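Novice: My structure is stored as final.cif, with mmCIF, C-alpha atoms.
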```cif
data_coords
loop_
_atom_site.label_atom_id
_atom_site.label_comp_id
_atom_site.auth_asym_id
_atom_site.auth_seq_id
_atom_site.Cartn_x
_atom_site.Cartn_y
_atom_site.Cartn_z
CA MET Q 95 40.75 -101.09 130.30
CA ASP Q 96 37.07 -101.36 129.40
CA ALA Q 97 34.97 -102.23 132.45
CA ALA Q 98 32.92 -104.71 130.42
CA THR Q 99 35.94 -106.77 129.37
CA ALA Q 100 37.94 -106.55 132.62
CA PRO Q 101 38.26 -109.86 134.52
CA TRP Q 102 35.89 -110.16 137.50
CA TRP Q 103 38.68 -110.29 140.11
CA ILE Q 104 39.79 -106.72 139.33
CA TRP Q 105 36.65 -105.33 140.95
CA PRO Q 106 36.79 -106.92 144.41
CA LEU Q 107 40.46 -105.96 144.59
CA ALA Q 108 39.65 -102.38 143.59
CA LEU Q 109 36.77 -102.30 146.09
CA PHE Q 110 38.99 -103.54 148.89
CA ALA Q 111 41.62 -100.87 148.11
CA LEU Q 112 39.01 -98.10 147.86
CA THR Q 113 37.15 -99.04 151.04
CA TYR Q 114 40.42 -99.44 152.99
CA LEU Q 115 41.21 -95.83 152.05
CA LEU Q 116 37.62 -94.73 152.80
CA GLY Q 117 37.85 -96.40 156.21
CA ILE Q 118 40.89 -94.29 157.06
CA VAL Q 119 39.58 -90.95 155.81
CA ALA Q 120 36.05 -91.51 157.12
CA VAL Q 121 37.29 -91.86 160.69
CA VAL Q 122 39.62 -88.87 160.42
CA ALA Q 123 37.00 -86.69 158.70
CA GLY Q 124 34.29 -87.77 161.15
CA ILE Q 125 31.84 -89.11 158.56
CA GLY Q 126 30.45 -92.56 157.79
CA GLY Q 127 32.00 -94.39 154.84
CA GLY Q 128 28.66 -94.90 153.08
CA VAL Q 129 28.28 -91.28 152.00
CA LEU Q 130 31.49 -91.60 149.97
CA PHE Q 131 31.10 -95.28 149.02
CA VAL Q 132 27.67 -95.12 147.35
CA PRO Q 133 28.30 -92.15 145.02
CA LEU Q 134 31.90 -93.18 144.23
CA VAL Q 135 31.21 -96.85 143.54
CA GLY Q 136 27.83 -96.06 141.96
CA SER Q 137 29.48 -93.62 139.55
CA PHE Q 138 32.88 -95.13 138.77
CA PHE Q 139 32.37 -98.91 139.10
CA PRO Q 140 30.32 -101.14 136.78
CA PHE Q 141 27.81 -102.32 139.42
CA HIS Q 142 24.15 -101.34 139.26
CA LEU Q 143 23.11 -98.81 141.89
CA ASP Q 144 20.73 -101.35 143.48
CA PHE Q 145 23.71 -103.51 144.52
CA VAL Q 146 25.87 -100.52 145.46
CA ARG Q 147 23.20 -99.27 147.89
CA GLY Q 148 22.92 -102.72 149.46
CA ALA Q 149 26.68 -102.86 149.98
CA GLY Q 150 26.68 -99.22 151.18
CA LEU Q 151 24.25 -100.08 153.96
CA LEU Q 152 26.33 -103.08 154.98
CA ILE Q 153 29.62 -101.16 155.11
CA ALA Q 154 28.03 -98.36 157.17
CA LEU Q 155 26.60 -101.07 159.42
CA ALA Q 156 29.84 -103.06 159.77
CA GLY Q 157 31.98 -99.98 160.43
CA THR Q 158 29.70 -98.63 163.15
CA LEU Q 159 29.14 -102.04 164.74
CA ALA Q 160 32.91 -102.44 165.03
CA ALA Q 161 33.33 -99.03 166.68
CA ALA Q 162 30.30 -99.20 169.01
CA PRO Q 163 31.78 -101.39 171.81
CA LEU Q 164 34.65 -98.98 172.46
CA LEU Q 165 32.34 -95.95 172.23
CA LEU Q 166 29.99 -97.51 174.78
CA ARG Q 167 32.85 -98.38 177.14
CA ILE Q 168 34.24 -94.84 177.15
CA ARG Q 169 30.69 -93.47 177.56
CA LEU Q 170 30.71 -91.52 174.31
CA ALA Q 171 27.78 -93.62 173.07
CA ASN Q 172 24.74 -93.82 175.30
CA LEU Q 173 22.28 -96.68 174.83
CA ARG Q 174 19.43 -94.89 176.68
CA LEU Q 175 19.81 -91.86 174.40
CA VAL Q 176 19.96 -94.05 171.31
CA LEU Q 177 17.00 -96.38 172.07
CA PRO Q 178 14.10 -94.02 171.16
CA LEU Q 179 15.96 -92.28 168.32
CA ALA Q 180 17.02 -95.58 166.73
CA LEU Q 181 13.46 -96.92 166.96
CA ALA Q 182 12.08 -93.92 165.04
CA GLY Q 183 14.95 -94.15 162.56
CA SER Q 184 14.61 -97.94 162.10
CA ILE Q 185 10.92 -97.80 161.18
CA ALA Q 186 11.71 -95.02 158.69
CA SER Q 187 14.77 -96.80 157.27
CA LEU Q 188 12.67 -99.90 156.64
CA CYS Q 189 10.21 -97.76 154.67
CA GLY Q 190 13.10 -95.94 152.95
CA ALA Q 191 14.68 -99.18 151.75
CA ILE Q 192 11.36 -100.39 150.29
CA VAL Q 193 10.78 -97.03 148.55
CA GLY Q 194 14.41 -96.84 147.38
CA LEU Q 195 14.25 -100.25 145.66
CA ALA Q 196 10.94 -99.35 144.01
CA LEU Q 197 12.12 -96.03 142.53
CA PRO Q 198 13.54 -95.84 138.98
CA THR Q 199 17.36 -95.89 138.97
CA ASP Q 200 17.79 -92.51 137.25
CA VAL Q 201 15.55 -90.84 139.86
CA VAL Q 202 17.67 -92.35 142.65
CA GLN Q 203 20.88 -91.31 140.85
CA ILE Q 204 19.68 -87.70 140.51
CA ALA Q 205 18.45 -87.52 144.10
CA LEU Q 206 21.65 -89.16 145.36
CA GLY Q 207 23.84 -86.78 143.36
CA ALA Q 208 21.93 -83.71 144.55
CA THR Q 209 22.00 -84.96 148.15
CA VAL Q 210 25.73 -85.72 148.16
CA VAL Q 211 26.56 -82.31 146.68
CA ALA Q 212 24.30 -80.67 149.31
CA VAL Q 213 25.99 -82.67 152.10
CA ALA Q 214 29.42 -81.62 150.80
CA PHE Q 215 28.36 -77.96 151.08
CA LEU Q 216 26.87 -78.65 154.51
CA LEU Q 217 30.15 -80.19 155.72
CA TRP Q 218 32.02 -77.21 154.31
CA ARG Q 219 29.81 -74.59 155.96
CA THR Q 220 28.81 -76.22 159.27
CA ASP Q 221 30.34 -75.33 162.57
CA PRO Q 222 29.67 -78.56 164.46
CA ALA Q 223 29.75 -77.16 168.01
CA GLY Q 224 26.15 -76.49 169.07
CA GLN Q 225 24.70 -75.08 172.30
CA LEU Q 226 24.48 -77.70 175.07
CA ALA Q 227 21.09 -78.36 176.63
CA SER Q 228 20.95 -77.03 180.18
CA GLU Q 229 17.65 -78.77 181.06
CA SER Q 230 15.78 -81.79 179.73
CA ASP Q 231 12.36 -81.32 178.17
CA ALA Q 232 9.45 -83.34 179.60
CA LEU Q 233 9.78 -86.28 177.19
CA GLY Q 234 13.56 -86.33 177.56
CA GLU Q 235 13.10 -86.51 181.33
CA ILE Q 236 10.66 -89.42 181.02
CA LEU Q 237 13.02 -91.25 178.65
CA ARG Q 238 16.02 -90.38 180.86
CA LEU Q 239 18.02 -88.91 177.99
CA LYS Q 240 20.97 -87.88 180.10
CA GLY Q 241 24.31 -89.16 181.26
CA GLU Q 242 27.89 -88.27 182.03
CA PHE Q 243 31.29 -88.82 180.47
CA HIS Q 244 34.86 -88.00 181.34
CA ASP Q 245 36.52 -85.61 178.89
CA PRO Q 246 40.30 -86.22 179.13
CA THR Q 247 41.16 -83.06 177.18
CA ALA Q 248 39.13 -80.85 179.54
CA GLN Q 249 40.16 -83.01 182.56
CA MET Q 250 36.60 -83.07 183.86
CA THR Q 251 33.46 -85.19 184.04
CA ILE Q 252 30.62 -83.64 182.09
CA ASP Q 253 26.96 -84.17 183.04
CA TRP Q 254 24.78 -83.84 179.99
CA ARG Q 255 21.11 -84.00 179.04
CA THR Q 256 19.16 -83.39 175.84
CA HIS Q 257 16.13 -81.33 174.88
CA ARG Q 258 13.76 -80.94 171.88
CA THR Q 259 13.08 -84.69 172.01
CA ILE Q 260 10.12 -84.68 169.62
CA ALA Q 261 12.06 -82.69 167.03
CA GLY Q 262 14.97 -85.13 167.54
CA LEU Q 263 12.72 -88.14 166.95
CA ALA Q 264 11.37 -86.52 163.77
CA ALA Q 265 14.90 -85.73 162.60
CA PHE Q 266 16.02 -89.34 163.10
CA ALA Q 267 12.95 -90.62 161.28
CA GLY Q 268 13.92 -88.39 158.33
CA ILE Q 269 17.56 -89.50 158.53
CA GLY Q 270 16.54 -93.17 158.68
CA PHE Q 271 14.29 -92.85 155.64
CA PHE Q 272 17.01 -91.10 153.69
CA GLY Q 273 19.59 -93.73 154.70
CA GLY Q 274 17.28 -96.55 153.60
CA VAL Q 275 16.60 -94.99 150.20
CA PHE Q 276 20.25 -94.27 149.37
CA GLY Q 277 22.08 -96.98 151.33
CA LEU Q 278 23.90 -94.55 153.61
CA GLY Q 279 24.56 -94.37 157.34
CA ALA Q 280 24.03 -90.58 157.32
CA GLY Q 281 26.43 -89.87 160.20
CA PHE Q 282 26.86 -86.37 158.76
CA ALA Q 283 23.20 -85.69 159.66
CA ASN Q 284 23.09 -87.63 162.95
CA VAL Q 285 25.78 -85.56 164.61
CA PRO Q 286 24.12 -82.14 164.00
CA ALA Q 287 20.74 -83.64 165.00
CA LEU Q 288 22.15 -84.83 168.33
CA ASN Q 289 24.44 -81.86 168.97
CA VAL Q 290 22.84 -78.78 167.42
CA LEU Q 291 19.17 -79.82 167.66
CA MET Q 292 19.05 -81.91 170.85
CA GLY Q 293 21.90 -80.23 172.70
CA ALA Q 294 24.07 -83.30 173.43
CA PRO Q 295 27.81 -82.61 173.80
CA LEU Q 296 29.66 -82.97 170.48
CA LYS Q 297 31.68 -86.00 171.63
CA VAL Q 298 28.55 -87.79 172.85
CA ALA Q 299 26.82 -86.84 169.58
CA VAL Q 300 29.66 -88.31 167.48
CA GLY Q 301 29.85 -91.47 169.62
CA SER Q 302 26.10 -92.04 169.81
CA SER Q 303 25.74 -91.34 166.08
CA GLY Q 304 27.80 -94.45 165.37
CA LEU Q 305 25.63 -96.56 167.66
CA VAL Q 306 22.44 -95.13 166.08
CA ILE Q 307 23.68 -96.02 162.57
CA SER Q 308 24.49 -99.57 163.67
CA ILE Q 309 20.86 -100.01 164.76
CA ILE Q 310 18.99 -97.94 162.14
CA ASN Q 311 20.74 -99.58 159.20
CA SER Q 312 19.95 -103.15 160.29
CA PRO Q 313 16.27 -103.29 159.17
CA ALA Q 314 17.11 -101.58 155.87
CA ALA Q 315 19.95 -104.06 155.33
CA TRP Q 316 17.48 -106.94 155.76
CA VAL Q 317 15.23 -105.44 153.08
CA TYR Q 318 18.17 -105.38 150.64
CA ILE Q 319 19.19 -108.95 151.64
CA ASN Q 320 15.64 -110.30 151.29
CA ARG Q 321 15.12 -108.65 147.90
CA GLY Q 322 18.36 -110.19 146.57
CA ALA Q 323 20.12 -106.80 146.31
CA LEU Q 324 23.23 -107.86 148.17
CA LEU Q 325 26.03 -109.20 145.97
CA PRO Q 326 28.64 -110.87 148.20
CA LEU Q 327 31.41 -110.22 145.66
CA LEU Q 328 30.74 -106.51 146.09
CA ALA Q 329 29.79 -106.40 149.77
CA VAL Q 330 32.38 -108.66 151.45
CA PRO Q 331 35.62 -107.03 150.19
CA SER Q 332 34.05 -103.63 150.91
CA ILE Q 333 33.17 -104.62 154.49
CA LEU Q 334 36.63 -106.10 155.12
CA GLY Q 335 38.32 -103.04 153.58
CA ILE Q 336 36.35 -100.45 155.55
CA MET Q 337 36.76 -102.30 158.85
CA LEU Q 338 40.54 -102.67 158.44
CA GLY Q 339 40.86 -99.09 157.17
CA ALA Q 340 38.83 -97.73 160.10
CA ARG Q 341 41.23 -99.37 162.56
CA VAL Q 342 44.14 -97.62 160.85
CA GLY Q 343 42.14 -94.38 160.75
CA ALA Q 344 41.47 -94.58 164.49
CA ARG Q 345 45.22 -94.93 165.13
CA LEU Q 346 46.03 -92.02 162.80
CA LEU Q 347 43.28 -89.83 164.25
CA HIS Q 348 45.66 -87.72 166.31
CA THR Q 349 48.44 -87.44 163.72
CA MET Q 350 46.62 -86.85 160.43
CA PRO Q 351 45.64 -83.25 159.62
CA ALA Q 352 41.87 -83.56 160.05
CA ALA Q 353 41.12 -80.24 158.30
CA THR Q 354 43.04 -81.32 155.18
CA VAL Q 355 41.41 -84.75 155.14
CA ARG Q 356 38.02 -83.08 155.53
CA ARG Q 357 38.72 -80.87 152.50
CA VAL Q 358 39.78 -83.91 150.44
CA VAL Q 359 36.56 -85.69 151.46
CA ILE Q 360 34.44 -82.67 150.46
CA VAL Q 361 36.13 -82.51 147.03
CA ALA Q 362 35.65 -86.28 146.55
CA MET Q 363 31.98 -85.93 147.50
CA LEU Q 364 31.49 -83.05 145.08
CA ILE Q 365 33.07 -85.03 142.22
CA ALA Q 366 31.09 -88.19 143.00
CA GLY Q 367 27.86 -86.23 143.56
CA ILE Q 368 28.15 -84.31 140.29
CA ARG Q 369 29.00 -87.54 138.45
CA ALA Q 370 25.90 -89.24 139.92
CA LEU Q 371 23.75 -86.24 138.98
CA LEU Q 372 25.01 -86.19 135.39
CA ARG Q 373 24.60 -89.95 135.12
CA GLY Q 374 21.02 -89.75 136.40
CA LEU Q 375 20.26 -86.97 133.94
CA GLY Q 376 21.71 -89.05 131.11
CA LEU Q 377 24.41 -86.44 130.39
CA TRP Q 378 27.42 -88.63 131.31
CA ILE Q 379 26.82 -92.35 131.16
CA MET X 59 29.66 -98.10 183.27
CA ASP X 60 26.03 -99.28 183.45
CA LEU X 61 25.62 -103.04 183.27
CA ASP X 62 23.44 -102.84 180.14
CA HIS X 63 26.13 -100.79 178.36
CA GLU X 64 28.88 -103.16 179.47
CA ILE X 65 27.03 -106.29 178.33
CA TYR X 66 25.87 -104.72 175.05
CA ALA X 67 29.47 -103.67 174.32
CA ARG X 68 30.90 -107.09 175.26
CA TRP X 69 28.42 -109.06 173.18
CA LEU X 70 28.72 -106.74 170.19
CA ASP X 71 32.52 -106.85 170.32
CA ARG X 72 32.55 -110.66 170.22
CA LEU X 73 29.90 -110.90 167.49
CA VAL X 74 31.74 -108.40 165.27
CA ARG X 75 35.00 -110.35 165.61
CA VAL X 76 33.27 -113.62 164.74
CA ALA X 77 31.44 -112.09 161.75
CA PHE X 78 34.64 -110.47 160.47
CA VAL X 79 36.58 -113.76 160.59
CA LEU X 80 33.71 -115.72 159.00
CA ALA X 81 33.34 -113.12 156.24
CA ALA X 82 37.08 -113.21 155.49
CA LEU X 83 37.20 -117.03 155.47
CA SER X 84 34.08 -117.47 153.36
CA PHE X 85 35.33 -114.87 150.89
CA ALA X 86 38.65 -116.71 150.56
CA LEU X 87 36.74 -119.93 149.80
CA TYR X 88 34.63 -118.03 147.25
CA VAL X 89 37.30 -116.28 145.20
CA SER X 90 39.80 -119.16 145.39
CA GLY X 91 37.26 -121.47 143.78
CA VAL X 92 37.41 -124.01 146.64
CA LEU X 93 33.63 -123.79 146.96
CA THR X 94 31.44 -123.55 143.87
CA PRO X 95 29.13 -120.52 143.76
CA TYR X 96 25.49 -120.65 142.68
CA VAL X 97 26.07 -117.82 140.18
CA PRO X 98 29.40 -118.52 138.41
CA LEU X 99 32.03 -115.83 138.98
CA ASP X 100 32.74 -115.51 135.24
CA SER X 101 29.12 -114.69 134.50
CA LEU X 102 28.85 -111.97 137.18
CA PRO X 103 30.33 -109.06 135.14
CA ALA X 104 27.48 -109.45 132.66
CA LEU X 105 24.92 -109.55 135.48
CA TRP X 106 25.99 -107.02 138.11
CA ARG X 107 25.33 -104.04 135.84
CA LEU X 108 21.64 -105.02 135.48
CA PRO X 109 18.79 -103.58 137.57
CA LEU X 110 17.77 -105.91 140.39
CA PRO X 111 14.63 -107.47 138.78
CA GLU X 112 16.56 -108.25 135.58
CA TYR X 113 19.51 -109.66 137.55
CA LEU X 114 17.18 -111.96 139.48
CA ALA X 115 15.43 -113.14 136.33
CA ARG X 116 18.67 -113.87 134.44
CA SER X 117 20.68 -115.40 137.29
CA GLY X 118 17.86 -117.37 138.89
CA ALA X 119 19.09 -116.02 142.26
CA PRO X 120 16.60 -116.66 145.09
CA VAL X 121 14.88 -113.95 147.15
CA GLY X 122 13.61 -113.89 150.72
CA TRP X 123 14.98 -116.79 152.78
CA ASP X 124 15.08 -119.15 149.79
CA TRP X 125 18.86 -118.77 149.76
CA LEU X 126 19.22 -120.68 153.02
CA PRO X 127 19.27 -124.19 151.39
CA LEU X 128 22.05 -122.87 149.11
CA VAL X 129 24.37 -121.98 151.97
CA ALA X 130 26.88 -124.66 150.90
CA ARG X 131 27.45 -122.61 147.72
CA ALA X 132 30.25 -120.06 148.00
CA ASP X 133 28.20 -116.94 147.22
CA TYR X 134 25.45 -117.83 149.68
CA LEU X 135 27.92 -118.83 152.37
CA ASN X 136 29.24 -115.27 151.99
CA LEU X 137 25.71 -113.90 152.17
CA ALA X 138 25.21 -115.81 155.42
CA ALA X 139 28.42 -114.30 156.83
CA VAL X 140 27.37 -110.79 155.80
CA SER X 141 23.88 -111.32 157.24
CA LEU X 142 25.47 -111.77 160.66
CA PHE X 143 26.26 -108.05 160.65
CA ALA X 144 22.56 -107.29 160.15
CA LEU X 145 21.61 -109.81 162.85
CA MET X 146 23.85 -108.76 165.74
CA THR X 147 21.85 -105.71 166.87
CA LEU X 148 18.87 -108.01 167.41
CA VAL X 149 20.99 -110.43 169.48
CA CYS X 150 22.43 -107.62 171.63
CA TYR X 151 18.99 -106.09 172.21
CA LEU X 152 17.56 -109.45 173.29
CA ARG X 153 20.47 -109.85 175.71
CA VAL X 154 20.06 -106.44 177.41
CA ILE X 155 16.24 -106.16 177.51
CA PRO X 156 16.04 -107.88 180.95
CA LEU X 157 18.56 -105.35 182.31
CA LEU X 158 16.75 -102.20 181.14
CA PRO X 159 14.22 -100.11 183.09
CA ARG X 160 10.62 -100.78 182.07
CA LEU X 161 10.19 -97.91 179.59
CA GLN X 162 13.54 -98.52 177.88
CA ALA X 163 12.77 -102.26 177.77
CA ALA X 164 9.48 -101.49 175.99
CA LEU X 165 11.35 -99.39 173.41
CA ALA X 166 13.89 -102.19 172.95
CA ILE X 167 11.09 -104.76 172.47
CA ALA X 168 9.53 -102.50 169.82
CA GLN X 169 12.93 -102.29 168.12
CA VAL X 170 13.20 -106.09 168.16
CA LEU X 171 9.78 -106.33 166.51
CA VAL X 172 10.87 -103.91 163.77
CA LEU X 173 14.01 -105.98 163.17
CA LEU X 174 12.01 -109.24 163.08
CA ALA X 175 9.55 -107.70 160.60
CA ALA X 176 12.45 -106.64 158.37
CA MET X 177 14.15 -110.04 158.66
CA SER X 178 10.95 -111.93 157.87
CA GLY X 179 10.83 -110.52 154.37
CA LEU X 180 7.10 -109.86 154.79
CA VAL X 181 7.55 -106.10 154.49
#
```
Let's see the structure in the file written out as structure tokens.
Specialist:
Amino acid sequence: MDAATAPWWIWPLALFALTYLLGIVAVVAGIGGGVLFVPLVGSFFPFHLDFVRGAGLLIALAGTLAAAPLLLRIRLANLRLVLPLALAGSIASLCGAIVGLALPTDVVQIALGATVVAVAFLLWRTDPAGQLASESDALGEILRLKGEFHDPTAQMTIDWRTHRTIAGLAAFAGIGFFGGVFGLGAGFANVPALNVLMGAPLKVAVGSSGLVISIINSPAAWVYINRGALLPLLAVPSILGIMLGARVGARLLHTMPAATVRRVVIVAMLIAGIRALLRGLGLWI
Amino acid sequence: MDLDHEIYARWLDRLVRVAFVLAALSFALYVSGVLTPYVPLDSLPALWRLPLPEYLARSGAPVGWDWLPLVARADYLNLAAVSLFALMTLVCYLRVIPLLPRLQAALAIAQVLVLLAAMSGLV
């Protein structure tokens, strides 16, 4: 069926189905849904990329907001750790959203395609377990970037702290800017920044990454809302789909083969990224 | 668990549930045709493929907070429901600021100012 002649109701239905599936695989693969949503919907659905990025920010926001209460309660997300990082990221995401909406669409398409392909390779190559910080740096000590959590698999309570705070703040500013431009949560970048760069335990990095996204994406989302770049017919079914799918994904987390799901996600990202690149270059409209 | 974490988690949990239900209800009213949208559903497929400036010019859709008087229209009722997701971090921060140590409270106040600047539409 030609997208131009298809009835309008096909698209919210298709979005709901797609985001429900994305919600499941995103949780199992340990990524945010936005990094799949924006290139897939931007490349294979009839919506302009401006609206897709607005919806992408909202689904990343809704998914992480829904997960944050549980992550805080089980101490995998730490508000004190997140406060300074989210502030740096929020200022940058606000700037990123303004820049992203001002850039020509083909430039954004090309940059998005190249970025998604690069992230797919990064996910493929990265060993997520970094070296834990043994001591705080001076700024981390002042900001009290430390805590403890109980790891049920190791049957022990782990005291943790972070280091390289200035580099961490710079990294989250970069991640926030990038998320604002492309309408992504960028969880794939948050986790290495917290774990590999700042030395937080992997579980705390994954948990706090969700909380960071829920804060960083809010100012960028307001830019898209205020500029009129949020189409409810696109955003609402996507939000409902990803939130329901994420609940299923959380239940399936222990039974689904995470390595296989991760490979499927990487292939989907490569396809969507290459499609976005070719579309931006005018080679495959 | 620290009190600030507990209260942040509790408030966020409730706000997310409310926003989810409101989004689902408002969307049902929108697509069922019970409430009339500002931009007719049938005209959307011709509009949603356009770049933002062209979409705004052709649809007459408002920008900034000018959509607020249109909240009785189905599409803007949905926008209001979706906006709740972008609003709830601000609400949770305001709730926990009095519970935070001085330095963390200052960071949280700065975050609130960033969110208010973004919400205002002035940036």
Novice: Compile the residues of chain Q that lie within 6 Å of chain X, evaluated using only C-alpha atoms, and express the compilation as a list in words.
Specialist: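 On the chain Q side, the interface is Pro140, Phe141, His142, Pro163, Leu181, Ser312, Pro313, Trp316, Asn320, Arg321, Gly322 and Pro326 of chain Q.
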Novice: List the spatial neighbours of X:Ala130 as a compact mmCIF listing (two decimals) with C-alpha atoms, in the frame of the given file - criterion: any atom at most 9 Å away, only C-alpha atoms, same-chain residues fewer than 5 positions off excluded.
Specialist:
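Generated output (out13.txt):
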```txt
# COMPACT_ATOMS: atom_id res chain seq x y z
CA LEU X 93 33.63 -123.79 146.96
CA THR X 94 31.44 -123.55 143.87
CA PRO X 95 29.13 -120.52 143.76
CA LEU X 135 27.92 -118.83 152.37
```
Novice: Record the distance separating atom CA of Q:Gly183 and atom CA of Q:Ala156, expressed in Å with one decimal.
Specialist: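 Pair atom CA of Q:Gly183 / atom CA of Q:Ala156 returns 17.6 Å.
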Novice: Kindly give the distance, in Å, that separates atom CA of Q:Ser302 and atom CA of X:Leu61, rounded to a single decimal.
Specialist: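 These two atoms are separated by 17.4 Å.
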Novice: When the PyMOL selection byres ((chain Q and resi 122) around 12) is applied to the structure above, which residues does it catch, written out as a count of residues only?
Specialist: 33
Novice: If we count all atoms listed in the file and set the cut-off at 6 Å, which residues sit around Q:Ser303, ignoring sequence neighbours fewer than 4 positions away in its own chain? Please answer as a list in words.
Specialist: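 The neighbour list is Asn284, Val285 and Ala299 of chain Q.
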